[in-house]
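Structure, as structure tokens:
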Amino acid sequence: MRSLLHVLTALAVIGLAFWAYRENYRTQAALAEAQRLQASIAEARQRLRILNAEWAYLNRPERLMDLVDLNYDRLGLVPLQPRQFGRIDQVAYPAPAARGLGNPVDVAHREEQLP
Amino acid sequence: MIRTPLRPLARILEARRRGENPDAIERENIRLRHEEMHDRARRRAEGRLLVLAGLFFIGFTAVGGKMAVLAQSEPAEPRVSSAGARIHAQRADIVDRKGRVLATNFDTYSLYAQPQQMVDPVRAAEKLLEIFPDLDGERLLRDFNGTRKFLWIRRTLSPEQKQAVHDIGEPGLLFGPREMRLYPNGRLAAHVLGGTSFGREGVHAAEVVGVAGIEKQLDERLRDPARAHEPLILSLDLSVQAAMERVLLGGMKIMNAKGAAGILMDVQTGEVVAVASLPDFDPNTRPPLPTEGNPDDSPLFNRAVQGVYELGSTFKVFAMAQALDLGLVTPSSVIDTRSPMQWGKFRIRDFRNYGPELSAEKVLVKSSNVGTARIALQIGGARQMAFLDALGFMQASPLEISEASGSRPLLPANWSDLSTMTISYGHGLSTSPMHLAAAYATIVNGGRLVTPTLLRDPARTPGARVISEATSATMRDMLRKVVSEGTASLAEVEGYAVGGKTGTADKPNARGGGYYKDKVIASFAGMFPADDPKYVLVVTLDEPVETSGDEPHRTAGWTAVPVAAEIVRRTAPLLGLRPAIEHAGAPAITPASH
């Protein structure tokens, strides 16, 4: 009886040692992974900052105005004018002909044709 | 433990036999026993002290050892921590009211040299000169061959320059990481942003400190690590600012002016939507401070805030508003305007003679100095001073840029009746255009005090009441009439009812005293739309001359007003103001017939 207890205790110690060993290595692996992710997050943030700065630089009003001037032939952009504001009642109703009633689709007829 | 008996029988019998006192034996034994007990207690106490000392020693060694380890170890980021979605920067970004970036940070490198480690200093110096032609070659060579162990070569490098320096392959040339401030919009809003420079520098990092503008004024807020990730939101609107700067630059060139300033301010909140001063500079490469000449010749000079000028007839509005508010005049009161008006040995003249009398409204519309001076005399100096103080003309502007604190208005040393009269039409009291814009906003917004700000705060409301609601409405009508029938007729903009007042002030001669004959400050202060003002606009041109006609025009009506009108035309649609289009009749809702 006593020797059985000794053997069981020894086995338990071996088992716990193995578990602790494995947990230790798993923790280290998780730490390394976390560190790698932190580094890549930091890198992504740095890139984001640079891209934000570049976006702001490329969209600076001075450059946009020059681009508008250069591409006047194609785009025809001019500064916003007061007359470009409108009221809803200044917009004409579409003409009746444009409502797509010219070619009525005969639904009943089509349904008969379909299997 | 074996206790020795106090009266051992053998010794007692012996003593009795000898005839001695046996009690002496007992006392002797008691003494011995006490001594023994005493020794034992002492030993135990000593042992305890020793243990205690040991514990203290271990404790102090542990604390000291930990401190030594902390002091010696390199700082490392915690490996297991959940970092938030923050961008870590040394200095917070600055953005406009719609979140567009005005100032941000950029990672770059600085270049330094350790001549001791150099392999071929002569070649390194030659190659560096090829990359950076502005370096002093001889000095570089002297430093490289001298006894210096360390020297800075460049504060910041572009990536291309860094690669080129790297390609030299010189081990004594080293790079240190740097965070630099970038203003992606270049000259835009340069005077507001100011600029930054490096403070304390180390190899691995350097402090970025604000040197002017809002960067300097709010330096602590921008550098606060707890708030570095949240951008500072300004009240400026990037596109409105760009449009205003462009129109102002064009106007300055056409009118042959040497400088110009423009301010666009929200009449209710005091938020400055656009503020420009020309000539300007690029805050990325801030020019050095001028060491000679007039300060306002430097592009660093902010005319909108630092420029303290006598702003001329634009001031008549304040005399008129106060007289109306006090009930001294009504718009139809008749004012004596016989010109010139004699006061002691001083004469007040009008630009041209407007006849013997005008109504109070016409005094403002035609801009009569004499009429305004007579109204000011009715008000009196003390009340005028109190009113201008209430409008904020006696203190430096509270705008959040470092230059604002130095822009104290110039007041007359002795506020006599003559000062009262001249100040009523804008001479004898020098203020900045920013003061003027805030005061106009106060007059037209219903009469409540407006303090200018550069920070976005839509919840801001005007402060204490300065003039009554009714007076404010009357002033709006009068200012509208100045444009529709008076001196500012060129300020008419289709779709937007502009109201405002012109001002042409002779420039004071800096040297001899007195005024220049042919140098003026032309300004226009106005608001739009006139029936329910949303924005106040102030435009100031320095020494403008309009030369398209036969004779040169210098008055504000010919110079500042057309520029202001063009600014309204360009910025009002950008601000989302719907033009009031006059319809021929009721809008007809008819289906299109084709």
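Chain identifiers are assigned as A, B, and so on, following the order in which chains appear in the structure tokens; residues are numbered from 1 within each chain, and ligands are numbered from 1 in order of appearance.
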Would you mind listing, for every residue of chain A within 7 Å of chain B, the two atoms forming the shortest contact and the distance between them in Å to one decimal, using only C-alpha atoms, sorted by chain and ascending residue number, as a Markdown table?
| residue | atom | partner | partner_atom | distance |
| --- | --- | --- | --- | --- |
| A:Leu31 | CA | B:Arg79 | CA | 6.6 |
| A:Ala34 | CA | B:Val80 | CA | 6.6 |
| A:Gln35 | CA | B:Arg79 | CA | 5.8 |
| A:Arg45 | CA | B:Ile87 | CA | 6.4 |
| A:Ile50 | CA | B:Phe106 | CA | 6.5 |
| A:Ala53 | CA | B:Thr104 | CA | 6.6 |
| A:Ala56 | CA | B:Pro184 | CA | 5.8 |
| A:Tyr57 | CA | B:Pro184 | CA | 4.4 |
| A:Arg60 | CA | B:Asn185 | CA | 5.0 |
| A:Pro61 | CA | B:Ala242 | CA | 6.4 |
| A:Leu80 | CA | B:Pro573 | CA | 6.3 |
| A:Gln81 | CA | B:Pro573 | CA | 6.4 |
| A:Pro82 | CA | B:Pro573 | CA | 5.8 |
| A:Phe85 | CA | B:Arg578 | CA | 6.4 |
| A:Asp89 | CA | B:Ile589 | CA | 6.4 |
| A:Ala92 | CA | B:Ala592 | CA | 5.9 |
| A:Tyr93 | CA | B:Pro591 | CA | 5.0 |
| A:Pro94 | CA | B:Ala592 | CA | 6.3 |
| A:Ala95 | CA | B:Ala592 | CA | 5.3 |
Take the residues from that selection and put them in a file with C-alpha atoms, as a CSV table (one decimal), in the first residue's frame.
chain,number,residue,atom,x,y,z
A,31,LEU,CA,4.5,36.2,-26.0
A,34,ALA,CA,2.1,39.0,-29.3
A,35,GLN,CA,5.4,40.8,-29.8
A,45,ARG,CA,0.3,52.7,-37.9
A,50,ILE,CA,2.6,58.5,-43.8
A,53,ALA,CA,0.2,62.9,-44.6
A,56,ALA,CA,-3.3,65.6,-47.3
A,57,TYR,CA,-0.3,66.7,-49.3
A,60,ARG,CA,-3.7,70.4,-50.9
A,61,PRO,CA,-5.9,73.1,-52.5
A,80,LEU,CA,-18.8,77.2,-57.2
A,81,GLN,CA,-21.1,80.1,-58.2
A,82,PRO,CA,-24.2,81.4,-56.4
A,85,PHE,CA,-27.8,76.8,-56.1
A,89,ASP,CA,-39.5,73.9,-57.7
A,92,ALA,CA,-38.9,70.7,-64.3
A,93,TYR,CA,-41.0,67.6,-64.1
A,94,PRO,CA,-39.9,65.0,-66.7
A,95,ALA,CA,-41.9,65.1,-69.9
Query raised in the report: Which of range 63-299 of chain B counts as alpha helix (DSSP H) under DSSP, as a PyMOL selection string please?
Result: chain B and resi 63-72+121-131+137-145+159-168+190-193+213-217+219-223+238-254
Requested in this report: Show which residues sit within 12 Å of range 404-416 of chain B, as JSON, numbers by chain. Count only C-alpha atoms, and ignore same-chain residues fewer than 5 positions away.
Outcome: {"B": [191, 192, 212, 213, 214, 216, 217, 301, 302, 303, 304, 305, 306, 307, 308, 309, 310, 311, 343, 376, 377, 380, 381, 382, 383, 384, 385, 386, 388, 389, 392, 393, 394, 395, 396, 397, 398, 399, 421, 422, 423, 426, 427, 428, 429, 430, 431, 432, 433, 434, 435, 436, 452, 453, 454]}
Query raised in the report: What does the distance from CA of Glu245 in chain B to CA of Thr540 in chain B come to in Å, to one decimal?
Result: 12.8 Å
**Report entry** All residues 9 Å or closer to Val208 in chain B, only C-alpha atoms, same chain fewer than 2 positions away omitted, as JSON, numbers by chain
**Finding:** {"B": [90, 91, 179, 180, 181, 196, 197, 198, 199, 200, 206, 210, 223]}
